[in-house]
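Q: Attaching a single structure in structure tokens format; questions to follow.
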Amino acid sequence: MSTHERYNAPATEAKWRAAWEQADIYRTDNDDPRPKYYVLEMFPYPSGRIHMGHVRNYTMGDVVARYRRAKGFNVLHPMGWDAFGMPAENAAMQNNTHPAKWTYANIDAMKAQLKSMGLSLDWSREFATCDVAYYHQQQRLFLAFLKEGLVKRQTRKVNWDPVDQTVLANEQVIDGKGWRSGATVEQRDMPEWCFAITDYAQDLLDAIDTLDRWPDKVRLMQRNWIGRSEGLMMRFPLTVHEPSGLSEIEVFTTRPDTIFGASFVALAPGHPLAKAVAEHNPDVAAFIAETQKMGTSAEVIEKAEKRGVFTNLRVAHPFDPDITLPVYVANFILMDYGTGAIFGCPAHDQRDLDFARKYSLPVHPVVRPKDADDTFHVGADAFTDDGVIFNSRFLDGMSIPDAKNEIATRLENTELDGRPQGTRKVNFRLRDWGISRQRYWGCPIPVIKCDACGLVPVPDDQLPVKLPEDVTFDVPGNPLDRHPTWKHVDCPSCGAPAQRETDTMDTFVDSSWYFARFTAPDAAAPIDKAVMEDWLPVDQYIGGVEHAILHLLYSRFFMRAVAKAGYGDRPEPFKGLFTQGMVTHETYGSLTREWLTPEETRPVTAAEAADLAAKYARHIEVSKRLDADPRIDKTLLHVVLDPAVETSACEAYDAYFAEAKCEPLTAGRIWFSPAHPLRAAAPEAWLMNLKAATLTPAFNYGVEKMSKSKKNVVDPDSVLSTYGADTARWFMLSDTPPERDIEWTDAGFDASHRFVQRIWRLVGEAIAAMDRPGSGDGAALRKATHASVRAIEEAIEGLGFNRAVARLYEWTNALQKAIPDTAVPGSVLRESVEAMVVCFGPMMPHLAEECWTALGKDGFVANAAWPAVDESLLVEDTITLPVQVNGKRRAEITVAKDTPKDQIEAAVLEMEDVKRFLNGPPKKLIVVPGRIVNVVA
RNA sequence: GCGGGCGUGAUGGAAUGGUAGACAUACCGGACUUAAAAUCCGGAGGCGUAAGCCGUGCGGGUUCGAGUCCCGCCGCCCGUACCA
């Protein structure tokens, strides 16, 4: 072969992938005696096409897998499909294809694309969660959990679309309306199957401390999500009994110390007392009805303006029956947390303060900063920091913890209706995991509802409960529920006619144990205990940070449940976790930011820029005049002015055109914000909008996460087939730290491609020089080689792929200088090049194989051992220290490695570059061995 | 709203509290070429003739020394329980 040919990546890569497959080198044997290493990337949803996020994720995982393989581990690196979920049903509705057909076709297409990346995956373990074999085992796990008491029935609030007669996901509710029907969404109570994750709240919290190879941010997010808080359940007696007979309100509070600052009690709209009042109070009933049209997500509820309605009820203050507090129903109180009721202390809680200001309720500060006196007042901001209690009778002068304790103790010892008025309670924000979904494309919940026997588990010999195939999606609602025969079965217990549960499981259930199933994908039981315990926990799990809470917490719970059900004791599934950043790309759009593909734009010529600038000068001028208009929402990039609404702004427009004596705009009155590129970017930087028939500008709207809707996706398939996988892989690893968002740029990608070619050329040139004896010993290159190997292995082990890439660039630079240097012996070149090929093999596996063959080596580099580092070459005998005067670098000094401190001090004080900054002896002289010298003048 | 993260040259970024800007991209100059691409060599944070001064989103603080630690802001991004 000639190594001076250009490297033909697509052809060469296909050749090596075929060779690997032929030799089946990525199949993992559970009985291989070498130490095990389990690398897993979060498995993909089979949307039909891979996206750049997948390319990044799987490249990182593959580097780790191939590196560990080279380091002598028995590596498990499997792949499968998170294949249930709503998109398949949406596709079924839109294209009239069955979800299964659509999903499996997508899997085939995506598998081919993934294969073209050259990943070292054991495809023999592949499965999809929609495979009957997989969900059969999942149903068995569900029933095992049911038997262990880990499954409950609870009532939950869901988004209900009254037109489509269906439950909506939060993302399907847009501004309070159903995405498809446009109908106003209502909250509705729905009985649900739940997993008892709260049983493990404390354990899940405590064990976070053991996850030392997880990112701190994820651990913190999980801690906050579990939300342990110590507080007090306290009961407030109603001053007048409510007609329904309810006589008290129980609240949970973490701030009992602020009880003397209480100015109201508020109930969640779903609170039993609120519902009772609504029976006879139309105002309260109307308010509750209105809050139910709000959507169920925490974001919507808490962002909404804080509003409430007075119930006409009052409660007595627990420490002074003469003080009574009004009872409100308020939209910001969550029924799911605590008791669904609070006492409001406006001075020390921002939400309570906002509420109190709105309804003119008193604001009594009862905690003051340590350095403030008793005149301390609260203005627009609640005081939530540490301080001293005041205005609180017997608590005055106490610290917050002491006051909390005092209140708790007193109320524990106060009887109200024969029970203590207060009880200390540890509360968790974490709720049980509702797994019921009223959808078709999910794992059926294997339970039968019998009028006589209640909820009856499907016996094991009647599993799996398969999804019926003859379903339609042309009418709203759950196809399982309206299927003519599927749900009608005989009760396994009494034999009477009964009905199947028609809910299916949340897809998070599917992804909560797939990593365990991969260890023994064909096992007769859901999990092969011994094999699973051998492989788990996953040594390195890699995926998006968007899974930091739910998926990862559910999986941690699930494995605890698995252990309780006797399927194997590995409560923590993921030992090492890494969350990679997203892939972003520039976006382009029209004047009013209708997204455009890059092909729908082109740069403007100088003449066009001038024309466009002239055409839009009027808009820019009017926009500037409107910047101060209070009617305009300044958070938007542009506002289309409606003559019917934006009268003053429109008048300003018309006035300008009258003044300028040019043709006025009637349509097209738009305010452009100062941040809009029409105003922020020079006309020469604008683009032509090729979709428009007339001379119309388009703009670069900045870098955003790749998404279809923003028309800024780059299709991996075309990149892979044109330039090859190694270029794409190298690009994904270069420059940007893996945990951060990476911006896809053509320039960066081209540079990666040039580097692939450069390596190929360099290896060829080195091979041509490998026979030479060399006039020197090549010590510098040997040192660079061994130092590079060490630096790269450290970088990969720390998942600093961008740092590993930088070290490889340095290494190729060193080689490039060494090749024409005839002093360097060929044997040293060979050592360096062979080591380098093994070291970049995990990143560019195809190129590495081709180089390996060119070097005359036998076998696959994919099976080659990682180069051994000669430690003796890494030891430096002299060392150069920077010398600072008053913290500024002024000189440097080179000394023998073991030079004693006092000798360094003496030498430094003799240096001209030091002396000229000194007037007499230094105040202080700091020598940090091996690091730095600092002279303090 | 709440929780979390990020912010360093034109750009991506590097830097156990110890020489800020490694490495790369874009750019500029040179070599090769009829020419271009590719390739190779060299340059470069800003200001200044220079000594030097200034520089890690903004404002404070701790330290002999702060991109790094602490406090307060600003901006962008992610999650928020039925998207996966």
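How things are named: the first chain in the structure tokens is A, the next is B, and so on; residues count from 1 in each chain; ligands count from 1 in the order shown.
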Give me, as JSON, numbers by chain, the residues of chain B touching chain A, with the criterion being at most 9 Å (counting only C-alpha atoms (C1' of nucleotides)).

A: {"B": [1, 2, 3, 4, 5, 6, 12, 13, 14, 18, 19, 22, 23, 24, 25, 26, 64, 65, 78, 79, 80, 81, 82, 83, 84]}

Q: Excluding range 39-42 of chain B and its own-chain neighbours fewer than 6 positions away, which residues fall within 9 Å of it when counting only C-alpha atoms (C1' of nucleotides)? Please give them as a list in words.

A: G29, G30, A31 and C32 of chain B

Q: Report the distance between CA of Ser47 in chain A and CA of Ala133 in chain A in Å, rounded to one decimal place.

A: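 These two atoms are separated by 21.3 Å.
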
Q: Enumerate, as a PyMOL selection string, the complete set of residues in range 532-616 of chain A that a backbone-based DSSP assignment places in strand (DSSP E).

A: chain A and resi 540-544+577-580+583-590+595-596+601-603

Q: I need the residues from that last selection saved to file as an mmCIF file, in the first residue's frame (with C-alpha atoms), if you can.

A:
data_model
loop_
_atom_site.group_PDB
_atom_site.id
_atom_site.type_symbol
_atom_site.label_atom_id
_atom_site.label_comp_id
_atom_site.auth_asym_id
_atom_site.auth_seq_id
_atom_site.Cartn_x
_atom_site.Cartn_y
_atom_site.Cartn_z
ATOM 1 C CA GLN A 540 -19.733 4.325 33.932
ATOM 2 C CA TYR A 541 -23.176 5.565 32.939
ATOM 3 C CA ILE A 542 -23.363 8.423 30.449
ATOM 4 C CA GLY A 543 -26.351 10.469 29.437
ATOM 5 C CA GLY A 544 -28.044 13.820 29.451
ATOM 6 C CA LEU A 577 -22.334 8.857 36.357
ATOM 7 C CA PHE A 578 -21.493 11.401 33.734
ATOM 8 C CA THR A 579 -23.891 13.933 32.254
ATOM 9 C CA GLN A 580 -22.869 15.256 28.871
ATOM 10 C CA VAL A 583 -25.235 19.806 20.831
ATOM 11 C CA THR A 584 -26.078 23.283 19.616
ATOM 12 C CA HIS A 585 -25.994 25.002 16.256
ATOM 13 C CA GLU A 586 -26.605 28.434 14.843
ATOM 14 C CA THR A 587 -30.201 29.297 14.033
ATOM 15 C CA TYR A 588 -31.513 31.404 11.199
ATOM 16 C CA GLY A 589 -34.840 33.086 10.878
ATOM 17 C CA SER A 590 -36.875 35.688 9.098
ATOM 18 C CA TRP A 595 -37.063 29.647 11.561
ATOM 19 C CA LEU A 596 -35.172 28.980 8.330
ATOM 20 C CA THR A 601 -30.506 31.939 3.556
ATOM 21 C CA ARG A 602 -27.356 33.299 2.022
ATOM 22 C CA PRO A 603 -25.052 36.233 2.893
#

Q: Can you tell me, as a list of chain:residue names, what residues are no more than 9 Å from Leu361 in chain A when counting only C-alpha atoms (C1' of nucleotides), ignoring any on the same chain fewer than 4 positions away?

A: A:Ser263, A:Phe264, A:Pro346, A:Leu353, A:Phe355, A:Ala356, A:Arg357

Q: Kindly export the residues of the current selection with C-alpha atoms, as a tab-separated table (two decimals), in the first residue's frame.

A:
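Everything below was put into result-v7.tsv:
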chain	number	residue	atom	x	y	z
A	263	SER	CA	-51.58	36.41	59.72
A	264	PHE	CA	-53.61	33.84	57.79
A	346	PRO	CA	-45.72	37.08	55.42
A	353	LEU	CA	-45.70	38.18	51.64
A	355	PHE	CA	-50.21	37.10	49.09
A	356	ALA	CA	-50.52	39.32	52.17
A	357	ARG	CA	-49.74	42.48	50.19

Q: What's around Val426 in chain A at 9 Å? Count only C-alpha atoms (C1' of nucleotides), leave out sequence neighbours fewer than 5 positions away in its own chain, and write the answer as number ranges by chain.

A: A: 228-232

Q: Identify, on the basis of only C-alpha atoms (C1' of nucleotides), every residue whose closest approach to G57 in chain B does not exceed 10 Å; exclude the query and any residue fewer than 5 positions from it along the same chain; express the result as a CSV table (one decimal) with N, CA and C atoms (P, O5', C5', C4', C3', O3' and C1' of nucleotides), in the first residue's frame.

A:
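To be explicit, this is the file written out as around-v2.csv:
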chain,number,residue,atom,x,y,z
B,7,G,P,-17.8,28.5,33.4
B,7,G,O5',-18.3,29.9,32.6
B,7,G,C5',-18.4,29.9,31.2
B,7,G,C4',-18.8,31.2,30.7
B,7,G,C3',-17.8,32.4,31.0
B,7,G,O3',-17.8,33.3,30.0
B,7,G,C1',-19.9,32.9,32.1
B,8,U,P,-16.8,33.1,28.8
B,8,U,O5',-15.4,33.3,29.5
B,8,U,C5',-15.1,34.6,30.0
B,8,U,C4',-13.6,34.7,30.1
B,8,U,C3',-12.8,34.7,28.9
B,8,U,O3',-12.7,36.0,28.3
B,8,U,C1',-11.8,33.2,30.4
B,74,C,P,-30.1,40.7,39.5
B,74,C,O5',-29.4,40.8,38.1
B,74,C,C5',-29.1,42.1,37.6
B,74,C,C4',-28.2,41.9,36.4
B,74,C,C3',-28.6,40.8,35.4
B,74,C,O3',-29.6,41.2,34.5
B,74,C,C1',-26.3,40.6,35.8
B,75,G,P,-30.7,40.1,34.0
B,75,G,O5',-29.9,39.3,32.9
B,75,G,C5',-29.4,39.9,31.8
B,75,G,C4',-28.5,39.0,31.0
B,75,G,C3',-29.1,37.6,30.7
B,75,G,O3',-29.9,37.6,29.5
B,75,G,C1',-26.9,37.3,31.6

Q: I'd like the contact shell of range 784-795 of chain A - 12 Å cut-off, only C-alpha atoms (C1' of nucleotides), skipping same-chain residues fewer than 5 positions apart - returned as number ranges by chain.

A: A: 63-64, 67-68, 70-71, 733, 737-738, 778-779, 800-815, 817-818, 828-843, 866-876

Q: Any idea what the distance is between CA of Met505 in chain A and CA of Phe195 in chain A?

A: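 Value for the CA of Met505 in chain A-CA of Phe195 in chain A distance: 10.9 Å.
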
Q: Rounded to one decimal in Å, what is the spacing between CA of Thr485 in chain A and CA of Thr166 in chain A?

A: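 These two atoms are separated by 20.8 Å.
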
Q: As a PyMOL selection string, please: every residue in range 563-766 of chain A that a backbone DSSP assignment puts in alpha helix (DSSP H).

A: chain A and resi 563-564+606-626+647-660+677-680+716-723+725-733+746-766

Q: Now that the selection is made, can you save its residues with C-alpha atoms as a PDB file, in the first residue's frame?

A:
ATOM      1  CA  ALA A 563     -33.678  -6.434  46.021  1.00  0.00           C
ATOM      2  CA  LYS A 564     -36.739  -6.633  48.269  1.00  0.00           C
ATOM      3  CA  ALA A 606     -22.863  44.948  -0.347  1.00  0.00           C
ATOM      4  CA  ALA A 607     -25.560  46.322  -2.639  1.00  0.00           C
ATOM      5  CA  GLU A 608     -28.270  44.224  -1.017  1.00  0.00           C
ATOM      6  CA  ALA A 609     -27.101  45.280   2.410  1.00  0.00           C
ATOM      7  CA  ALA A 610     -27.481  48.908   1.415  1.00  0.00           C
ATOM      8  CA  ASP A 611     -30.935  48.305  -0.084  1.00  0.00           C
ATOM      9  CA  LEU A 612     -32.113  46.422   2.970  1.00  0.00           C
ATOM     10  CA  ALA A 613     -30.719  49.031   5.325  1.00  0.00           C
ATOM     11  CA  ALA A 614     -32.629  51.706   3.439  1.00  0.00           C
ATOM     12  CA  LYS A 615     -35.792  49.641   3.358  1.00  0.00           C
ATOM     13  CA  TYR A 616     -35.776  49.029   7.114  1.00  0.00           C
ATOM     14  CA  ALA A 617     -34.373  52.341   8.329  1.00  0.00           C
ATOM     15  CA  ARG A 618     -37.928  53.534   9.009  1.00  0.00           C
ATOM     16  CA  HIS A 619     -38.775  50.495  11.119  1.00  0.00           C
ATOM     17  CA  ILE A 620     -35.604  50.887  13.099  1.00  0.00           C
ATOM     18  CA  GLU A 621     -36.265  54.562  13.694  1.00  0.00           C
ATOM     19  CA  VAL A 622     -39.821  53.997  14.879  1.00  0.00           C
ATOM     20  CA  SER A 623     -38.729  51.057  17.010  1.00  0.00           C
ATOM     21  CA  LYS A 624     -36.227  53.293  18.776  1.00  0.00           C
ATOM     22  CA  ARG A 625     -38.938  55.830  19.517  1.00  0.00           C
ATOM     23  CA  LEU A 626     -41.153  53.066  20.902  1.00  0.00           C
ATOM     24  CA  THR A 647     -53.136  52.390  19.617  1.00  0.00           C
ATOM     25  CA  SER A 648     -50.426  54.647  20.970  1.00  0.00           C
ATOM     26  CA  ALA A 649     -47.654  52.617  19.400  1.00  0.00           C
ATOM     27  CA  CYS A 650     -49.447  52.571  16.087  1.00  0.00           C
ATOM     28  CA  GLU A 651     -49.992  56.290  16.266  1.00  0.00           C
ATOM     29  CA  ALA A 652     -46.290  56.736  16.771  1.00  0.00           C
ATOM     30  CA  TYR A 653     -45.731  54.713  13.629  1.00  0.00           C
ATOM     31  CA  ASP A 654     -48.176  56.768  11.593  1.00  0.00           C
ATOM     32  CA  ALA A 655     -46.809  60.009  12.969  1.00  0.00           C
ATOM     33  CA  TYR A 656     -43.310  59.058  11.874  1.00  0.00           C
ATOM     34  CA  PHE A 657     -44.392  58.333   8.327  1.00  0.00           C
ATOM     35  CA  ALA A 658     -46.361  61.561   8.130  1.00  0.00           C
ATOM     36  CA  GLU A 659     -43.312  63.442   9.388  1.00  0.00           C
ATOM     37  CA  ALA A 660     -41.010  61.711   6.906  1.00  0.00           C
ATOM     38  CA  PRO A 677     -30.438  41.561  14.911  1.00  0.00           C
ATOM     39  CA  LEU A 678     -32.181  44.127  12.687  1.00  0.00           C
ATOM     40  CA  ARG A 679     -31.016  46.676  15.234  1.00  0.00           C
ATOM     41  CA  ALA A 680     -28.127  44.833  16.918  1.00  0.00           C
ATOM     42  CA  PRO A 716     -25.478  12.753  11.373  1.00  0.00           C
ATOM     43  CA  ASP A 717     -26.289  10.300   8.616  1.00  0.00           C
ATOM     44  CA  SER A 718     -25.059  12.556   5.826  1.00  0.00           C
ATOM     45  CA  VAL A 719     -21.984  13.576   7.798  1.00  0.00           C
ATOM     46  CA  LEU A 720     -21.114   9.958   8.604  1.00  0.00           C
ATOM     47  CA  SER A 721     -21.531   8.738   5.057  1.00  0.00           C
ATOM     48  CA  THR A 722     -19.565  11.603   3.512  1.00  0.00           C
ATOM     49  CA  TYR A 723     -16.695  12.158   5.917  1.00  0.00           C
ATOM     50  CA  ALA A 725     -17.377   8.205  11.605  1.00  0.00           C
ATOM     51  CA  ASP A 726     -13.869   8.972  12.855  1.00  0.00           C
ATOM     52  CA  THR A 727     -14.134  12.615  11.843  1.00  0.00           C
ATOM     53  CA  ALA A 728     -17.503  12.983  13.556  1.00  0.00           C
ATOM     54  CA  ARG A 729     -16.257  11.177  16.667  1.00  0.00           C
ATOM     55  CA  TRP A 730     -13.115  13.285  16.844  1.00  0.00           C
ATOM     56  CA  PHE A 731     -15.143  16.477  16.460  1.00  0.00           C
ATOM     57  CA  MET A 732     -17.422  15.460  19.326  1.00  0.00           C
ATOM     58  CA  LEU A 733     -14.455  14.877  21.611  1.00  0.00           C
ATOM     59  CA  ASP A 746     -18.611  23.418   9.777  1.00  0.00           C
ATOM     60  CA  ALA A 747     -15.183  24.923  10.393  1.00  0.00           C
ATOM     61  CA  GLY A 748     -14.600  22.767  13.444  1.00  0.00           C
ATOM     62  CA  PHE A 749     -15.800  19.700  11.613  1.00  0.00           C
ATOM     63  CA  ASP A 750     -13.507  20.409   8.657  1.00  0.00           C
ATOM     64  CA  ALA A 751     -10.603  20.776  11.051  1.00  0.00           C
ATOM     65  CA  SER A 752     -11.378  17.360  12.490  1.00  0.00           C
ATOM     66  CA  HIS A 753     -11.418  15.913   9.030  1.00  0.00           C
ATOM     67  CA  ARG A 754      -8.056  17.505   8.209  1.00  0.00           C
ATOM     68  CA  PHE A 755      -6.629  15.987  11.382  1.00  0.00           C
ATOM     69  CA  VAL A 756      -7.711  12.501  10.284  1.00  0.00           C
ATOM     70  CA  GLN A 757      -5.818  13.074   7.049  1.00  0.00           C
ATOM     71  CA  ARG A 758      -2.845  14.540   8.898  1.00  0.00           C
ATOM     72  CA  ILE A 759      -2.501  11.463  11.108  1.00  0.00           C
ATOM     73  CA  TRP A 760      -2.611   9.194   8.080  1.00  0.00           C
ATOM     74  CA  ARG A 761       0.092  11.237   6.344  1.00  0.00           C
ATOM     75  CA  LEU A 762       2.210  11.441   9.468  1.00  0.00           C
ATOM     76  CA  VAL A 763       2.071   7.696  10.103  1.00  0.00           C
ATOM     77  CA  GLY A 764       3.082   7.090   6.496  1.00  0.00           C
ATOM     78  CA  GLU A 765       6.031   9.467   6.775  1.00  0.00           C
ATOM     79  CA  ALA A 766       7.102   7.900  10.055  1.00  0.00           C
TER      80      ALA A 766
END
